[in-house]
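Chemist: Structure below; questions to follow.
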Amino acid sequence: MADPKIADTRPSVLELEAGTYYYCTCGESQNQPFCDGSHSGTEFSPQEFSVEDKKRCALCQCKRTGNAPFCDGAHAKL
């Protein structure tokens with residue numbers, strides 16, 4: 001599998017409402033860190049994730065986290 005594009009070298013920290021979201025795994029979305037369909041025609045697909053209650057989340061934008069879609073600090077090693 002090809003490496004995803006690094007969208008940013010820091011996480012996107014957002015206050016998310018309860019619900020279902022689709023995380024961009026290819027790094028090409030113009031709506032980072034969420035999928036906008038830019039992966040079409042590639043080997044990538046969005047990662048669905050849910051938030052049960054409103055909470056602040058740090059979502060990975062370097063696409064190297066071991067805990068997608070959440071940041072695990074992998075961007076510090078780039």
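Identifiers in the structure tokens: chain A, B, ... in order shown; residue index from 1 per chain; ligand index from 1 in order shown.
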Please provide the set of residues having any atom within 10 Å of segment 53-69 of chain A, restricted to only C-alpha atoms, with same-chain residues fewer than 4 positions apart removed, written as number ranges by chain.
Modeler: A: 3-19, 22-27, 32-34, 47-49, 73-78
Chemist: DSSP says strand (DSSP E) for which residues of chain A? Put them as a PyMOL selection string?
Modeler: chain A and resi 12-16+19-23+47-51+55-59
Chemist: Which residue is closest to Met1 of chain A? Choose from A:Gln30, A:Cys35, A:Thr42, A:Val51 and count only C-alpha atoms.
Modeler: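 So, comparing all the options, the nearest one is A:Thr42.
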Chemist: Could you jot down the atom CA of Asn31 of chain A to atom CA of Cys71 of chain A separation for me, Å, one decimal place?
Modeler: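 These two atoms are separated by 17.1 Å.
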Chemist: Within chain A, find each residue whose DSSP state, derived from the backbone, is helix (DSSP H, G or I), and express the selection as a list in words.
Modeler: Ala74, His75, Ala76 and Lys77 of chain A
